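Colleague: One structure coming up, written as structure tokens, with questions to follow.
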Amino acid sequence: MLLMEDQCLSADGRASRSPAIRIAGLRKSFDGRIVLDDVDLEVPAGRIVSIIGQSGGGKTTLMRCVNLLERPDQGMIAIGDDVIFSGNGVACTDLPKLRQRVGMVFQRFNLFPHLTAIENVILAQIQAAGIEEEQAVERAVRLLTRVGLAKRAMAYPEQMSGGEQQRVAIARALALGPSVLLFDEPTSALDPESTGEVLRVMRELAADGMTMVLVTHELPFAREVSDWVVFIDGGRIIEQGPPHQVLGSPREPRTIAYVSRYAASA
């Protein structure tokens, strides 16, 4: 099994935390085409892991399998100590509860256009978690303040920049109290200033111990935000390691080719 190097000992010499996500032997195919081919991965708690690779390589499918938006064909997935998928069947019988623990921030934000920023954050709590409205409002205010949007609480999505919408989406995901956050191309639709805003929020979340996994094509962003980078191609993990190694001095020919193509097109 491929493991992050700090799983046994962290950079400062302390024993590391137990894995927030464990994946073993994961397989997935669509119409006979193999998309994930025997993938093993462990993500220690409190780390930021970027999954990179060309389109169609399996990275988004892998992430969507983590909270069972896609059902694998075979393998094992565990969130903390709880196995949610084993063999070829779903072991988790309460998917809404699972998705409270594993939040998802989508590429296009997926905010309700007819609701204000604060209403988007409130609604998720009431509908998905059954939280009382008064408590939901208090939490929404607190979270919008945390992501720097207290003054934009009454704005509608069309009145906000892409970076602001993405931060509302992050606040909405946080409102359900997840232990893991998944990001699908969090900066693909953002300008450099908005990307910086999202980066700041993610760093603050990491400082508070949030585990994050993101799929991205933006290699500079992956280098900046990540503790660990995973390159996946053809449904397999080809290489993984610290950002400076995978993105700066890759060892595998397929990784070298991918990073070189990105550098040439940048």
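Scheme for the structure tokens: letters A, B, ... for chains in order shown; per-chain residue numbers from 1; ligand numbers from 1 in order shown.
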Would you mind listing what lies within 7 Å of region 165-176 of chain A as a list in words, with only C-alpha atoms counted and same-chain residues fewer than 2 positions away left out?
Modeller: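 Skipping anything fewer than 2 positions along the chain leaves Gln100, Gly103, Met104, Val105, Phe109, Leu111, Ala117, Asn120, Val121, Ala124, Gln125, Ala129, Arg139, Ala140, Leu143, Leu144, Val147, Pro157, Met160, Ser161, Gly162, Gly163, Pro178 and Val198 of chain A.
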Colleague: Identify, on the basis of only C-alpha atoms, every residue whose closest approach to Arg27 (chain A) does not exceed 7 Å; exclude the query and any residue fewer than 3 positions from it along the same chain; express the result as a list in words.
Modeller: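 Contacts, in chain order: Leu36, Asp37, Asp38, Val39, Pro72, Asp73, Gln74 and Gly75 of chain A.
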Colleague: How about saving the chosen residues, C-alpha atoms kept, as a CSV table (one decimal), in the first residue's frame?
Modeller:
```
chain,number,residue,atom,x,y,z
A,36,LEU,CA,-9.8,3.3,-11.2
A,37,ASP,CA,-7.5,0.3,-11.2
A,38,ASP,CA,-6.5,-1.0,-7.7
A,39,VAL,CA,-5.9,2.3,-6.0
A,72,PRO,CA,-16.9,1.7,-6.5
A,73,ASP,CA,-16.9,-1.7,-8.1
A,74,GLN,CA,-14.5,-3.2,-5.6
A,75,GLY,CA,-12.2,-2.2,-2.7
```
Colleague: Which of region 8-235 of chain A counts as helix (DSSP H, G or I) under DSSP, as an NGL selection string please?
Modeller: :A and (59-66 or 95-101 or 117-129 or 133-146 or 150-152 or 157-159 or 162-174 or 192-207 or 219-225)
Colleague: Write out as number ranges by chain each polymer residue whose atoms come within 7 Å of Ile51 (chain A), counting only C-alpha atoms; drop sequence neighbours fewer than 6 positions from it.
Modeller: A: 59, 214-216, 229-231
Colleague: Write out, as a CSV table (one decimal), in the first residue's frame, the residues just selected, with N, CA and C atoms.
Modeller:
```
chain,number,residue,atom,x,y,z
A,59,LYS,N,-8.9,11.0,-11.4
A,59,LYS,CA,-8.8,11.8,-10.2
A,59,LYS,C,-10.1,12.2,-9.6
A,214,LEU,N,-8.2,17.7,-2.6
A,214,LEU,CA,-8.6,18.5,-3.7
A,214,LEU,C,-8.1,17.9,-5.0
A,215,VAL,N,-9.0,18.0,-6.0
A,215,VAL,CA,-8.6,17.7,-7.4
A,215,VAL,C,-8.3,19.0,-8.1
A,216,THR,N,-7.2,19.1,-8.8
A,216,THR,CA,-6.9,20.4,-9.4
A,216,THR,C,-6.0,20.2,-10.6
A,229,VAL,N,1.1,15.6,-2.7
A,229,VAL,CA,0.6,15.6,-4.0
A,229,VAL,C,0.5,14.2,-4.6
A,230,VAL,N,-0.6,13.8,-5.2
A,230,VAL,CA,-0.8,12.5,-5.8
A,230,VAL,C,-1.0,12.7,-7.3
A,231,PHE,N,-0.2,12.0,-8.1
A,231,PHE,CA,-0.4,12.1,-9.5
A,231,PHE,C,-1.0,10.8,-9.9
```
Colleague: For a test of reading the model, state the distance in Å between CA of Glu42 (chain A) and CA of Leu181 (chain A), rounded to one decimal.
Modeller: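 According to the coordinates, CA of Glu42 (chain A) and CA of Leu181 (chain A) are separated by 14.9 Å.
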Colleague: Excluding Asp233 (chain A) and residues on its chain fewer than 4 positions from it, collect all residues at most 12 Å away from it, counting only C-alpha atoms, and give them as a list in words.
Modeller: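 Skipping anything fewer than 4 positions along the chain leaves Ile34, Val35, Leu36, Asp37, Val39, Ile51, Ile52, Gly53, Gln54, Ser55, Gly56, Gly57, Gly58, Lys59, Thr60, Thr61, Leu62, Ile237, Ile238, Glu239, Gln240, Glu252, Pro253, Arg254, Thr255, Ala257 and Tyr258 of chain A.
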Colleague: Generate the output file for the selected residues, N, CA and C atoms, as an mmCIF file, in the first residue's frame.
Modeller:
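Saved as part-v5.cif:
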```
data_model
loop_
_atom_site.group_PDB
_atom_site.id
_atom_site.type_symbol
_atom_site.label_atom_id
_atom_site.label_comp_id
_atom_site.auth_asym_id
_atom_site.auth_seq_id
_atom_site.Cartn_x
_atom_site.Cartn_y
_atom_site.Cartn_z
ATOM 1 N N ILE A 34 -12.004 0.890 -17.586
ATOM 2 C CA ILE A 34 -11.471 0.984 -16.229
ATOM 3 C C ILE A 34 -11.046 2.415 -15.947
ATOM 4 N N VAL A 35 -11.604 2.992 -14.890
ATOM 5 C CA VAL A 35 -11.303 4.370 -14.504
ATOM 6 C C VAL A 35 -10.408 4.411 -13.267
ATOM 7 N N LEU A 36 -10.633 3.495 -12.335
ATOM 8 C CA LEU A 36 -9.767 3.333 -11.173
ATOM 9 C C LEU A 36 -9.315 1.882 -11.127
ATOM 10 N N ASP A 37 -8.019 1.681 -11.016
ATOM 11 C CA ASP A 37 -7.454 0.339 -11.156
ATOM 12 C C ASP A 37 -6.586 0.013 -9.946
ATOM 13 N N VAL A 39 -6.502 1.145 -6.639
ATOM 14 C CA VAL A 39 -5.923 2.333 -6.005
ATOM 15 C C VAL A 39 -5.842 2.150 -4.494
ATOM 16 N N ILE A 51 -4.782 15.992 -5.667
ATOM 17 C CA ILE A 51 -4.740 14.938 -6.680
ATOM 18 C C ILE A 51 -4.658 15.618 -8.035
ATOM 19 N N ILE A 52 -3.602 15.330 -8.772
ATOM 20 C CA ILE A 52 -3.396 15.950 -10.074
ATOM 21 C C ILE A 52 -3.368 14.875 -11.154
ATOM 22 N N GLY A 53 -3.473 15.317 -12.404
ATOM 23 C CA GLY A 53 -3.434 14.392 -13.533
ATOM 24 C C GLY A 53 -4.276 14.914 -14.671
ATOM 25 N N GLN A 54 -4.068 14.348 -15.829
ATOM 26 C CA GLN A 54 -4.798 14.814 -16.999
ATOM 27 C C GLN A 54 -6.268 14.410 -16.925
ATOM 28 N N SER A 55 -7.094 15.096 -17.697
ATOM 29 C CA SER A 55 -8.526 14.788 -17.736
ATOM 30 C C SER A 55 -8.734 13.341 -18.152
ATOM 31 N N GLY A 56 -9.662 12.672 -17.466
ATOM 32 C CA GLY A 56 -9.944 11.278 -17.771
ATOM 33 C C GLY A 56 -9.034 10.292 -17.081
ATOM 34 N N GLY A 57 -8.111 10.800 -16.249
ATOM 35 C CA GLY A 57 -7.168 9.907 -15.585
ATOM 36 C C GLY A 57 -7.718 9.218 -14.358
ATOM 37 N N GLY A 58 -8.863 9.695 -13.840
ATOM 38 C CA GLY A 58 -9.491 9.039 -12.702
ATOM 39 C C GLY A 58 -9.513 9.843 -11.420
ATOM 40 N N LYS A 59 -8.932 11.035 -11.434
ATOM 41 C CA LYS A 59 -8.791 11.769 -10.174
ATOM 42 C C LYS A 59 -10.128 12.224 -9.595
ATOM 43 N N THR A 60 -11.025 12.756 -10.431
ATOM 44 C CA THR A 60 -12.326 13.197 -9.925
ATOM 45 C C THR A 60 -13.170 12.007 -9.489
ATOM 46 N N THR A 61 -13.105 10.919 -10.243
ATOM 47 C CA THR A 61 -13.841 9.709 -9.851
ATOM 48 C C THR A 61 -13.366 9.206 -8.499
ATOM 49 N N LEU A 62 -12.058 9.216 -8.276
ATOM 50 C CA LEU A 62 -11.520 8.789 -6.988
ATOM 51 C C LEU A 62 -12.090 9.633 -5.857
ATOM 52 N N ILE A 237 -2.319 5.332 -9.284
ATOM 53 C CA ILE A 237 -1.415 6.305 -8.688
ATOM 54 C C ILE A 237 -0.017 6.016 -9.217
ATOM 55 N N ILE A 238 0.530 6.985 -9.941
ATOM 56 C CA ILE A 238 1.842 6.816 -10.551
ATOM 57 C C ILE A 238 2.945 7.289 -9.619
ATOM 58 N N GLU A 239 2.686 8.386 -8.932
ATOM 59 C CA GLU A 239 3.705 8.954 -8.044
ATOM 60 C C GLU A 239 3.013 9.809 -6.992
ATOM 61 N N GLN A 240 3.592 9.851 -5.809
ATOM 62 C CA GLN A 240 3.089 10.729 -4.760
ATOM 63 C C GLN A 240 4.224 11.137 -3.853
ATOM 64 N N GLU A 252 9.010 9.637 -11.859
ATOM 65 C CA GLU A 252 8.408 8.719 -12.818
ATOM 66 C C GLU A 252 8.260 9.394 -14.185
ATOM 67 N N PRO A 253 8.552 8.673 -15.271
ATOM 68 C CA PRO A 253 8.471 9.277 -16.612
ATOM 69 C C PRO A 253 7.118 9.912 -16.917
ATOM 70 N N ARG A 254 6.020 9.278 -16.511
ATOM 71 C CA ARG A 254 4.701 9.844 -16.810
ATOM 72 C C ARG A 254 4.456 11.127 -16.022
ATOM 73 N N THR A 255 4.969 11.182 -14.800
ATOM 74 C CA THR A 255 4.849 12.420 -14.026
ATOM 75 C C THR A 255 5.692 13.518 -14.649
ATOM 76 N N ALA A 257 6.527 13.868 -17.732
ATOM 77 C CA ALA A 257 5.875 14.324 -18.966
ATOM 78 C C ALA A 257 4.702 15.240 -18.654
ATOM 79 N N TYR A 258 3.909 14.885 -17.646
ATOM 80 C CA TYR A 258 2.738 15.699 -17.298
ATOM 81 C C TYR A 258 3.163 17.073 -16.786
#
```
Colleague: Find, counting only C-alpha atoms, the residue in A:Gly235, A:Gly248, A:Ala263, A:Ile122 that gets nearest to Val137 (chain A).
Modeller: A:Ile122
Colleague: Excluding Pro220 (chain A) and residues on its chain fewer than 4 positions from it, collect all residues at most 9 Å away from it, counting only C-alpha atoms, and give them as a PyMOL selection string.
Modeller: chain A and resi 224-225+247
Colleague: With N, CA and C atoms kept, could you save the residues just selected as a PDB file, in the first residue's frame?
Modeller:
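Below is the file that was written, out28.pdb:
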```
ATOM      1  N   GLU A 224       1.375  25.327  -3.687  1.00  0.00           N
ATOM      2  CA  GLU A 224       1.244  26.329  -2.631  1.00  0.00           C
ATOM      3  C   GLU A 224       0.451  25.813  -1.438  1.00  0.00           C
ATOM      4  N   VAL A 225      -0.617  25.057  -1.700  1.00  0.00           N
ATOM      5  CA  VAL A 225      -1.564  24.726  -0.637  1.00  0.00           C
ATOM      6  C   VAL A 225      -1.324  23.357  -0.007  1.00  0.00           C
ATOM      7  N   LEU A 247       6.246  17.909  -7.976  1.00  0.00           N
ATOM      8  CA  LEU A 247       6.103  18.990  -8.948  1.00  0.00           C
ATOM      9  C   LEU A 247       7.433  19.619  -9.339  1.00  0.00           C
TER      10      LEU A 247
END
```
Colleague: To test your reading of the structure, identify every residue in region 130-224 of chain A that backbone DSSP assigns to strand (DSSP E or B), and report it as a compact mmCIF listing (two decimals) with N, CA and C atoms, in the first residue's frame.
Modeller:
```txt
# COMPACT_ATOMS: atom_id res chain seq x y z
N VAL A 180 -13.75 15.92 7.06
CA VAL A 180 -13.01 15.91 5.80
C VAL A 180 -13.74 16.82 4.82
N LEU A 181 -12.99 17.62 4.06
CA LEU A 181 -13.56 18.42 2.98
C LEU A 181 -12.93 18.00 1.66
N LEU A 182 -13.78 17.80 0.65
CA LEU A 182 -13.34 17.46 -0.70
C LEU A 182 -13.60 18.65 -1.61
N PHE A 183 -12.63 18.99 -2.44
CA PHE A 183 -12.75 20.12 -3.35
C PHE A 183 -12.55 19.64 -4.79
N ASP A 184 -13.50 19.93 -5.65
CA ASP A 184 -13.39 19.60 -7.07
C ASP A 184 -13.00 20.85 -7.84
N THR A 211 -8.98 18.10 7.49
CA THR A 211 -8.41 17.28 6.43
C THR A 211 -9.06 17.67 5.11
N MET A 212 -8.23 17.92 4.09
CA MET A 212 -8.77 18.35 2.80
C MET A 212 -8.12 17.57 1.67
N VAL A 213 -8.95 17.17 0.72
CA VAL A 213 -8.49 16.52 -0.51
C VAL A 213 -9.04 17.31 -1.67
N LEU A 214 -8.17 17.72 -2.59
CA LEU A 214 -8.64 18.49 -3.72
C LEU A 214 -8.12 17.94 -5.02
N VAL A 215 -8.97 18.01 -6.03
CA VAL A 215 -8.60 17.71 -7.40
C VAL A 215 -8.33 19.03 -8.09
```
Colleague: Ranking A:Ala189, A:Leu219, A:Ala45, A:Ile126 by minimum distance to Asp81 (chain A) and counting only C-alpha atoms, which one comes first?
Modeller: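 Smallest distance to Asp81 (chain A) is found for A:Ala45.
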Colleague: Could you tell me how far CA of Ile232 (chain A) lies from CA of His244 (chain A), in Å and to one decimal?
Modeller: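 Between CA of Ile232 (chain A) and CA of His244 (chain A) the gap works out to 16.9 Å.
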